[in-house]
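Listing of final-v5.cif, mmCIF, N, CA and C atoms
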data_model
#
loop_
_atom_site.label_atom_id
_atom_site.label_comp_id
_atom_site.auth_asym_id
_atom_site.auth_seq_id
_atom_site.Cartn_x
_atom_site.Cartn_y
_atom_site.Cartn_z
N ASP A 1 8.48 -9.78 30.17
CA ASP A 1 9.45 -10.80 30.50
C ASP A 1 10.09 -10.49 31.85
N ALA A 2 11.07 -11.26 32.24
CA ALA A 2 11.71 -11.10 33.54
C ALA A 2 12.45 -9.76 33.67
N LYS A 3 12.80 -9.13 32.54
CA LYS A 3 13.52 -7.86 32.56
C LYS A 3 12.59 -6.66 32.43
N GLY A 4 11.28 -6.91 32.39
CA GLY A 4 10.32 -5.81 32.30
C GLY A 4 9.96 -5.39 30.90
N ALA A 5 10.37 -6.14 29.91
CA ALA A 5 10.06 -5.79 28.52
C ALA A 5 8.78 -6.48 28.07
N ASP A 6 8.23 -5.99 26.97
CA ASP A 6 7.07 -6.64 26.37
C ASP A 6 7.49 -7.97 25.77
N LEU A 7 6.62 -8.94 25.87
CA LEU A 7 6.85 -10.21 25.19
C LEU A 7 6.35 -10.07 23.76
N PRO A 8 6.90 -10.83 22.83
CA PRO A 8 6.39 -10.79 21.47
C PRO A 8 4.97 -11.34 21.45
N PRO A 9 4.22 -11.02 20.39
CA PRO A 9 2.86 -11.55 20.29
C PRO A 9 2.88 -13.08 20.30
N ARG A 10 1.86 -13.67 20.88
CA ARG A 10 1.75 -15.12 20.86
C ARG A 10 1.48 -15.57 19.43
N ARG A 11 2.10 -16.67 19.04
CA ARG A 11 2.04 -17.14 17.65
C ARG A 11 0.63 -17.42 17.16
N GLU A 12 -0.27 -17.85 18.02
CA GLU A 12 -1.60 -18.21 17.57
C GLU A 12 -2.52 -17.01 17.39
N CYS A 13 -2.15 -15.86 17.91
CA CYS A 13 -3.05 -14.71 17.88
C CYS A 13 -3.29 -14.15 16.48
N ALA A 14 -2.24 -13.77 15.79
CA ALA A 14 -2.42 -13.15 14.48
C ALA A 14 -3.18 -14.03 13.50
N PRO A 15 -2.85 -15.32 13.37
CA PRO A 15 -3.63 -16.14 12.44
C PRO A 15 -5.11 -16.23 12.82
N ALA A 16 -5.40 -16.10 14.10
CA ALA A 16 -6.78 -16.25 14.55
C ALA A 16 -7.64 -15.02 14.25
N TRP A 17 -7.05 -13.81 14.17
CA TRP A 17 -7.90 -12.63 14.04
C TRP A 17 -7.41 -11.53 13.12
N ARG A 18 -6.14 -11.48 12.77
CA ARG A 18 -5.62 -10.32 12.06
C ARG A 18 -6.26 -10.08 10.70
N THR A 19 -6.41 -11.11 9.90
CA THR A 19 -6.99 -10.94 8.57
C THR A 19 -8.41 -10.39 8.66
N GLU A 20 -9.21 -10.91 9.58
CA GLU A 20 -10.58 -10.43 9.74
C GLU A 20 -10.62 -8.98 10.20
N VAL A 21 -9.76 -8.63 11.13
CA VAL A 21 -9.73 -7.24 11.61
C VAL A 21 -9.34 -6.30 10.48
N MET A 22 -8.31 -6.64 9.74
CA MET A 22 -7.87 -5.77 8.65
C MET A 22 -8.95 -5.65 7.56
N ALA A 23 -9.66 -6.74 7.30
CA ALA A 23 -10.73 -6.70 6.30
C ALA A 23 -11.89 -5.82 6.76
N ALA A 24 -12.09 -5.72 8.05
CA ALA A 24 -13.16 -4.89 8.59
C ALA A 24 -12.81 -3.40 8.56
N LEU A 25 -11.59 -3.07 8.19
CA LEU A 25 -11.13 -1.69 8.13
C LEU A 25 -10.73 -1.31 6.70
N PRO A 26 -11.64 -1.40 5.75
CA PRO A 26 -11.25 -1.22 4.34
C PRO A 26 -10.83 0.20 3.97
N ALA A 27 -11.15 1.20 4.78
CA ALA A 27 -10.82 2.58 4.41
C ALA A 27 -9.47 3.03 4.95
N LEU A 28 -8.65 2.10 5.40
CA LEU A 28 -7.35 2.49 5.94
C LEU A 28 -6.49 3.17 4.88
N GLU A 29 -5.90 4.29 5.27
CA GLU A 29 -4.98 4.98 4.39
C GLU A 29 -3.54 4.81 4.84
N LEU A 30 -3.36 4.56 6.14
CA LEU A 30 -2.03 4.52 6.72
C LEU A 30 -1.96 3.44 7.79
N VAL A 31 -0.93 2.63 7.71
CA VAL A 31 -0.68 1.60 8.72
C VAL A 31 0.69 1.88 9.33
N LEU A 32 0.73 2.00 10.65
CA LEU A 32 2.00 2.12 11.35
C LEU A 32 2.35 0.72 11.83
N ALA A 33 3.27 0.08 11.12
CA ALA A 33 3.69 -1.29 11.45
C ALA A 33 4.77 -1.18 12.52
N ILE A 34 4.38 -1.43 13.77
CA ILE A 34 5.27 -1.20 14.90
C ILE A 34 5.84 -2.52 15.40
N GLY A 35 7.14 -2.68 15.24
CA GLY A 35 7.82 -3.90 15.66
C GLY A 35 7.93 -4.89 14.52
N LEU A 36 8.89 -5.78 14.65
CA LEU A 36 9.21 -6.71 13.57
C LEU A 36 8.06 -7.64 13.18
N PRO A 37 7.30 -8.21 14.11
CA PRO A 37 6.19 -9.06 13.67
C PRO A 37 5.17 -8.31 12.80
N ALA A 38 4.82 -7.09 13.18
CA ALA A 38 3.87 -6.31 12.39
C ALA A 38 4.49 -5.91 11.04
N ILE A 39 5.74 -5.54 11.06
CA ILE A 39 6.42 -5.17 9.82
C ILE A 39 6.42 -6.33 8.84
N ARG A 40 6.79 -7.50 9.31
CA ARG A 40 6.82 -8.66 8.42
C ARG A 40 5.44 -9.02 7.89
N TRP A 41 4.41 -8.88 8.72
CA TRP A 41 3.07 -9.22 8.26
C TRP A 41 2.58 -8.23 7.21
N HIS A 42 2.78 -6.93 7.46
CA HIS A 42 2.26 -5.91 6.55
C HIS A 42 3.09 -5.76 5.29
N LEU A 43 4.39 -5.99 5.38
CA LEU A 43 5.25 -5.82 4.20
C LEU A 43 5.53 -7.12 3.47
N GLY A 44 5.34 -8.24 4.13
CA GLY A 44 5.56 -9.53 3.49
C GLY A 44 6.97 -9.64 2.92
N ALA A 45 7.04 -10.00 1.66
CA ALA A 45 8.33 -10.22 1.00
C ALA A 45 9.15 -8.94 0.86
N ASP A 46 8.52 -7.77 1.02
CA ASP A 46 9.27 -6.52 0.94
C ASP A 46 10.05 -6.20 2.21
N ALA A 47 9.73 -6.90 3.31
CA ALA A 47 10.49 -6.70 4.55
C ALA A 47 11.90 -7.22 4.35
N ARG A 48 12.85 -6.53 4.92
CA ARG A 48 14.24 -6.96 4.84
C ARG A 48 14.54 -7.94 5.96
N ALA A 49 15.77 -8.37 6.07
CA ALA A 49 16.16 -9.39 7.05
C ALA A 49 16.01 -8.93 8.50
N SER A 50 16.15 -7.63 8.74
CA SER A 50 16.06 -7.14 10.11
C SER A 50 15.16 -5.90 10.15
N LEU A 51 14.78 -5.54 11.36
CA LEU A 51 14.00 -4.33 11.55
C LEU A 51 14.78 -3.12 11.05
N THR A 52 16.04 -3.03 11.43
CA THR A 52 16.86 -1.88 11.03
C THR A 52 16.95 -1.76 9.52
N GLU A 53 17.20 -2.87 8.85
CA GLU A 53 17.30 -2.84 7.38
C GLU A 53 15.98 -2.42 6.75
N THR A 54 14.87 -2.88 7.29
CA THR A 54 13.57 -2.55 6.73
C THR A 54 13.23 -1.09 6.95
N VAL A 55 13.44 -0.59 8.16
CA VAL A 55 13.15 0.82 8.46
C VAL A 55 14.06 1.72 7.62
N ALA A 56 15.32 1.35 7.47
CA ALA A 56 16.25 2.13 6.66
C ALA A 56 15.84 2.11 5.19
N ALA A 57 15.42 0.97 4.68
CA ALA A 57 14.97 0.89 3.29
C ALA A 57 13.77 1.79 3.06
N PHE A 58 12.85 1.82 4.01
CA PHE A 58 11.70 2.72 3.89
C PHE A 58 12.17 4.16 3.90
N ALA A 59 13.02 4.52 4.85
CA ALA A 59 13.49 5.89 4.99
C ALA A 59 14.23 6.37 3.74
N GLU A 60 14.87 5.44 3.05
CA GLU A 60 15.62 5.77 1.83
C GLU A 60 14.78 5.64 0.57
N GLY A 61 13.49 5.35 0.72
CA GLY A 61 12.59 5.25 -0.42
C GLY A 61 12.78 4.00 -1.25
N GLN A 62 13.32 2.94 -0.65
CA GLN A 62 13.61 1.71 -1.38
C GLN A 62 12.49 0.67 -1.33
N LEU A 63 11.43 0.92 -0.58
CA LEU A 63 10.32 -0.03 -0.52
C LEU A 63 9.27 0.39 -1.54
N PRO A 64 8.66 -0.56 -2.22
CA PRO A 64 7.65 -0.20 -3.21
C PRO A 64 6.42 0.42 -2.54
N PRO A 65 5.76 1.35 -3.23
CA PRO A 65 4.55 1.96 -2.67
C PRO A 65 3.45 0.91 -2.54
N ARG A 66 2.57 1.12 -1.59
CA ARG A 66 1.46 0.19 -1.38
C ARG A 66 0.29 0.95 -0.79
N GLU A 67 -0.88 0.39 -0.94
CA GLU A 67 -2.10 0.93 -0.34
C GLU A 67 -2.68 -0.10 0.59
N PRO A 68 -2.95 0.22 1.84
CA PRO A 68 -2.64 1.50 2.45
C PRO A 68 -1.14 1.68 2.62
N HIS A 69 -0.75 2.93 2.81
CA HIS A 69 0.65 3.26 3.01
C HIS A 69 1.11 2.63 4.33
N VAL A 70 2.21 1.90 4.32
CA VAL A 70 2.74 1.24 5.51
C VAL A 70 4.07 1.88 5.89
N ILE A 71 4.14 2.34 7.14
CA ILE A 71 5.39 2.90 7.66
C ILE A 71 5.92 1.94 8.72
N PRO A 72 7.08 1.31 8.45
CA PRO A 72 7.67 0.41 9.46
C PRO A 72 8.39 1.20 10.54
N LEU A 73 8.13 0.83 11.79
CA LEU A 73 8.70 1.55 12.92
C LEU A 73 9.21 0.58 13.98
N PRO A 74 10.24 0.98 14.71
CA PRO A 74 10.67 0.15 15.84
C PRO A 74 9.62 0.24 16.95
N HIS A 75 9.56 -0.78 17.76
CA HIS A 75 8.63 -0.77 18.88
C HIS A 75 9.07 0.29 19.87
N PRO A 76 8.16 1.17 20.28
CA PRO A 76 8.56 2.21 21.23
C PRO A 76 8.68 1.63 22.64
N SER A 77 9.85 1.69 23.17
CA SER A 77 10.06 1.21 24.53
C SER A 77 11.38 1.79 25.03
N TRP A 78 11.59 1.67 26.31
CA TRP A 78 12.84 2.14 26.90
C TRP A 78 14.02 1.34 26.37
N ARG A 79 13.75 0.16 25.84
CA ARG A 79 14.85 -0.68 25.37
C ARG A 79 15.39 -0.25 24.01
N ASN A 80 14.67 0.60 23.29
CA ASN A 80 15.17 0.99 21.97
C ASN A 80 16.01 2.26 22.00
N THR A 81 16.33 2.77 23.18
CA THR A 81 17.18 3.96 23.28
C THR A 81 18.52 3.72 22.59
N GLY A 82 19.10 2.56 22.78
CA GLY A 82 20.36 2.23 22.11
C GLY A 82 20.20 2.16 20.61
N TRP A 83 19.08 1.60 20.15
CA TRP A 83 18.81 1.51 18.71
C TRP A 83 18.73 2.91 18.12
N LEU A 84 18.04 3.81 18.81
CA LEU A 84 17.93 5.19 18.32
C LEU A 84 19.29 5.88 18.27
N ARG A 85 20.16 5.61 19.25
CA ARG A 85 21.51 6.18 19.23
C ARG A 85 22.34 5.63 18.08
N ARG A 86 22.19 4.35 17.80
CA ARG A 86 22.96 3.71 16.71
C ARG A 86 22.42 4.08 15.33
N ASN A 87 21.21 4.59 15.28
CA ASN A 87 20.56 4.89 14.00
C ASN A 87 20.02 6.32 13.99
N PRO A 88 20.91 7.33 14.04
CA PRO A 88 20.44 8.72 14.12
C PRO A 88 19.66 9.16 12.88
N TRP A 89 19.83 8.48 11.78
CA TRP A 89 19.08 8.80 10.56
C TRP A 89 17.57 8.64 10.78
N PHE A 90 17.16 7.82 11.75
CA PHE A 90 15.73 7.59 11.99
C PHE A 90 15.02 8.91 12.27
N GLN A 91 15.59 9.71 13.15
CA GLN A 91 14.96 10.99 13.50
C GLN A 91 14.98 11.95 12.33
N ASP A 92 16.05 11.96 11.56
CA ASP A 92 16.18 12.92 10.46
C ASP A 92 15.41 12.52 9.21
N LEU A 93 15.41 11.23 8.88
CA LEU A 93 14.79 10.78 7.63
C LEU A 93 13.37 10.26 7.79
N LEU A 94 13.12 9.49 8.82
CA LEU A 94 11.83 8.83 8.91
C LEU A 94 10.79 9.63 9.68
N LEU A 95 11.16 10.26 10.78
CA LEU A 95 10.16 10.98 11.57
C LEU A 95 9.45 12.10 10.79
N PRO A 96 10.14 12.86 9.93
CA PRO A 96 9.40 13.86 9.14
C PRO A 96 8.35 13.22 8.21
N VAL A 97 8.67 12.08 7.64
CA VAL A 97 7.70 11.38 6.79
C VAL A 97 6.52 10.90 7.62
N LEU A 98 6.80 10.36 8.79
CA LEU A 98 5.74 9.92 9.68
C LEU A 98 4.82 11.08 10.05
N ARG A 99 5.40 12.19 10.45
CA ARG A 99 4.59 13.37 10.81
C ARG A 99 3.74 13.84 9.63
N GLN A 100 4.34 13.88 8.45
CA GLN A 100 3.64 14.34 7.25
C GLN A 100 2.47 13.41 6.92
N GLU A 101 2.69 12.11 6.99
CA GLU A 101 1.63 11.16 6.66
C GLU A 101 0.50 11.19 7.67
N VAL A 102 0.83 11.29 8.95
CA VAL A 102 -0.22 11.38 9.97
C VAL A 102 -1.02 12.67 9.79
N ALA A 103 -0.35 13.78 9.52
CA ALA A 103 -1.04 15.05 9.29
C ALA A 103 -1.95 14.96 8.06
N ARG A 104 -1.47 14.30 7.00
CA ARG A 104 -2.27 14.14 5.78
C ARG A 104 -3.55 13.36 6.06
N VAL A 105 -3.40 12.25 6.77
CA VAL A 105 -4.58 11.42 7.07
C VAL A 105 -5.54 12.17 7.99
N LEU A 106 -5.01 12.85 9.00
CA LEU A 106 -5.88 13.60 9.91
C LEU A 106 -6.59 14.74 9.19
N ALA A 107 -5.90 15.40 8.27
CA ALA A 107 -6.53 16.50 7.51
C ALA A 107 -7.67 15.94 6.64
N GLY A 108 -7.45 14.79 6.04
CA GLY A 108 -8.50 14.17 5.24
C GLY A 108 -9.68 13.75 6.08
N THR A 109 -9.39 13.27 7.28
CA THR A 109 -10.44 12.88 8.20
C THR A 109 -11.26 14.09 8.62
N ALA A 110 -10.58 15.19 8.93
CA ALA A 110 -11.28 16.40 9.34
C ALA A 110 -12.11 16.97 8.19
N ALA A 111 -11.55 16.95 6.97
CA ALA A 111 -12.27 17.46 5.80
C ALA A 111 -13.52 16.63 5.51
N ALA A 112 -13.46 15.35 5.83
CA ALA A 112 -14.61 14.48 5.61
C ALA A 112 -15.63 14.56 6.73
N GLY A 113 -15.30 15.34 7.78
CA GLY A 113 -16.21 15.50 8.90
C GLY A 113 -16.24 14.31 9.83
N ILE A 114 -15.16 13.54 9.82
CA ILE A 114 -15.06 12.38 10.68
C ILE A 114 -14.32 12.77 11.94
N GLY A 115 -14.92 12.58 13.08
CA GLY A 115 -14.26 12.89 14.34
C GLY A 115 -13.50 11.69 14.86
N LEU A 116 -12.42 11.95 15.53
CA LEU A 116 -11.64 10.86 16.10
C LEU A 116 -11.82 10.81 17.59
#

Output the file's structure as structure tokens, nothing else.
Amino acid sequence: DAKGADLPPRRECAPAWRTEVMAALPALELVLAIGLPAIRWHLGADARASLTETVAAFAEGQLPPREPHVIPLPHPSWRNTGWLRRNPWFQDLLLPVLRQEVARVLAGTAAAGIGL
């Protein structure tokens, strides 16, 4: 946009290809849902009203388990510095879970002899 930020996904993109792409990846164990559009698509009715509420609900164990495991995350950008300051629990509660889940998936991948 005019301020140098990412624009949200165009509305016609996800309906045109997302379901097919996800179906082509049946062995997914972990989905990192980054940003509100991805969070809403992957969590559906389990997503809360806002990104912060959804990420907090996940961090507090309030979202129902699902396969593949979905971790809702804020979009990484210079603009979320304020969000991170306002939500210090993110680093303490959610990042350890993220690290653990990524390590688990990578360990399974390595054990299966799959290179990345």

Q.
Between atom CA of A:Pro68 and atom CA of A:Cys13, what is the distance in Å, rounded to a tenth?
A. 22.4 Å

Within 9 Å of stretch 48-65 of chain A, counting only C-alpha atoms, which residues qualify if same-chain residues fewer than 3 places away don't, as a PDB file with N, CA and C atoms, keeping the file's coordinate frame?
ATOM      1  N   GLY A  35       7.140  -2.680  15.240  1.00  0.00           N
ATOM      2  CA  GLY A  35       7.820  -3.900  15.660  1.00  0.00           C
ATOM      3  C   GLY A  35       7.930  -4.890  14.520  1.00  0.00           C
ATOM      4  N   LEU A  36       8.890  -5.780  14.650  1.00  0.00           N
ATOM      5  CA  LEU A  36       9.210  -6.710  13.570  1.00  0.00           C
ATOM      6  C   LEU A  36       8.060  -7.640  13.180  1.00  0.00           C
ATOM      7  N   ILE A  39       5.740  -5.540  11.060  1.00  0.00           N
ATOM      8  CA  ILE A  39       6.420  -5.170   9.820  1.00  0.00           C
ATOM      9  C   ILE A  39       6.420  -6.330   8.840  1.00  0.00           C
ATOM     10  N   ARG A  40       6.790  -7.500   9.310  1.00  0.00           N
ATOM     11  CA  ARG A  40       6.820  -8.660   8.420  1.00  0.00           C
ATOM     12  C   ARG A  40       5.440  -9.020   7.890  1.00  0.00           C
ATOM     13  N   ALA A  45       7.040 -10.000   1.660  1.00  0.00           N
ATOM     14  CA  ALA A  45       8.330 -10.220   1.000  1.00  0.00           C
ATOM     15  C   ALA A  45       9.150  -8.940   0.860  1.00  0.00           C
ATOM     16  N   PRO A  68      -2.950   0.220   1.840  1.00  0.00           N
ATOM     17  CA  PRO A  68      -2.640   1.500   2.450  1.00  0.00           C
ATOM     18  C   PRO A  68      -1.140   1.680   2.620  1.00  0.00           C
ATOM     19  N   HIS A  69      -0.750   2.930   2.810  1.00  0.00           N
ATOM     20  CA  HIS A  69       0.650   3.260   3.010  1.00  0.00           C
ATOM     21  C   HIS A  69       1.110   2.630   4.330  1.00  0.00           C
ATOM     22  N   VAL A  70       2.210   1.900   4.320  1.00  0.00           N
ATOM     23  CA  VAL A  70       2.740   1.240   5.510  1.00  0.00           C
ATOM     24  C   VAL A  70       4.070   1.880   5.890  1.00  0.00           C
ATOM     25  N   ILE A  71       4.140   2.340   7.140  1.00  0.00           N
ATOM     26  CA  ILE A  71       5.390   2.900   7.660  1.00  0.00           C
ATOM     27  C   ILE A  71       5.920   1.940   8.720  1.00  0.00           C
ATOM     28  N   PRO A  72       7.080   1.310   8.450  1.00  0.00           N
ATOM     29  CA  PRO A  72       7.670   0.410   9.460  1.00  0.00           C
ATOM     30  C   PRO A  72       8.390   1.200  10.540  1.00  0.00           C
ATOM     31  N   LEU A  73       8.130   0.830  11.790  1.00  0.00           N
ATOM     32  CA  LEU A  73       8.700   1.550  12.920  1.00  0.00           C
ATOM     33  C   LEU A  73       9.210   0.580  13.980  1.00  0.00           C
ATOM     34  N   PRO A  74      10.240   0.980  14.710  1.00  0.00           N
ATOM     35  CA  PRO A  74      10.670   0.150  15.840  1.00  0.00           C
ATOM     36  C   PRO A  74       9.620   0.240  16.950  1.00  0.00           C
ATOM     37  N   TRP A  83      19.080   1.600  20.150  1.00  0.00           N
ATOM     38  CA  TRP A  83      18.810   1.510  18.710  1.00  0.00           C
ATOM     39  C   TRP A  83      18.730   2.910  18.120  1.00  0.00           C
ATOM     40  N   ASN A  87      21.210   4.590  15.280  1.00  0.00           N
ATOM     41  CA  ASN A  87      20.560   4.890  14.000  1.00  0.00           C
ATOM     42  C   ASN A  87      20.020   6.320  13.990  1.00  0.00           C
ATOM     43  N   TRP A  89      19.830   8.480  11.780  1.00  0.00           N
ATOM     44  CA  TRP A  89      19.080   8.800  10.560  1.00  0.00           C
ATOM     45  C   TRP A  89      17.570   8.640  10.780  1.00  0.00           C
ATOM     46  N   PHE A  90      17.160   7.820  11.750  1.00  0.00           N
ATOM     47  CA  PHE A  90      15.730   7.590  11.990  1.00  0.00           C
ATOM     48  C   PHE A  90      15.020   8.910  12.270  1.00  0.00           C
ATOM     49  N   LEU A  93      15.410  11.230   8.880  1.00  0.00           N
ATOM     50  CA  LEU A  93      14.790  10.780   7.630  1.00  0.00           C
ATOM     51  C   LEU A  93      13.370  10.260   7.790  1.00  0.00           C
ATOM     52  N   LEU A  94      13.120   9.490   8.820  1.00  0.00           N
ATOM     53  CA  LEU A  94      11.830   8.830   8.910  1.00  0.00           C
ATOM     54  C   LEU A  94      10.790   9.630   9.680  1.00  0.00           C
ATOM     55  N   LEU A  95      11.160  10.260  10.780  1.00  0.00           N
ATOM     56  CA  LEU A  95      10.160  10.980  11.570  1.00  0.00           C
ATOM     57  C   LEU A  95       9.450  12.100  10.790  1.00  0.00           C
ATOM     58  N   VAL A  97       8.670  12.080   7.640  1.00  0.00           N
ATOM     59  CA  VAL A  97       7.700  11.380   6.790  1.00  0.00           C
ATOM     60  C   VAL A  97       6.520  10.900   7.620  1.00  0.00           C
TER      61      VAL A  97
END

Q.
Could you go through chain A and tell me which residues DSSP, when run on the backbone, assigns to alpha helix (DSSP H), listing them as a ChimeraX atom specification?
A. /A:13-23,36-43,51-59,81-86,89,95-111

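For the residues A:Asp46, A:Glu67, A:Asp6, A:Asp92, ranking by smallest atom-to-atom distance to A:Val31 using only N, CA and C atoms places A:Glu67 first.
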
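What separates atom C of A:Thr81 from atom N of A:Trp41 is a distance of 23.5 Å.
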
Q | Spatial neighbours of A:Arg11, 12 Å, only C-alpha atoms, chain gap at least 6 places, as a ChimeraX atom specification | A | /A:17-18,37

Q) Rounded to one decimal in Å, what is the spacing between atom CA of A:Val102 and atom CA of A:Leu30? A) 7.8 Å
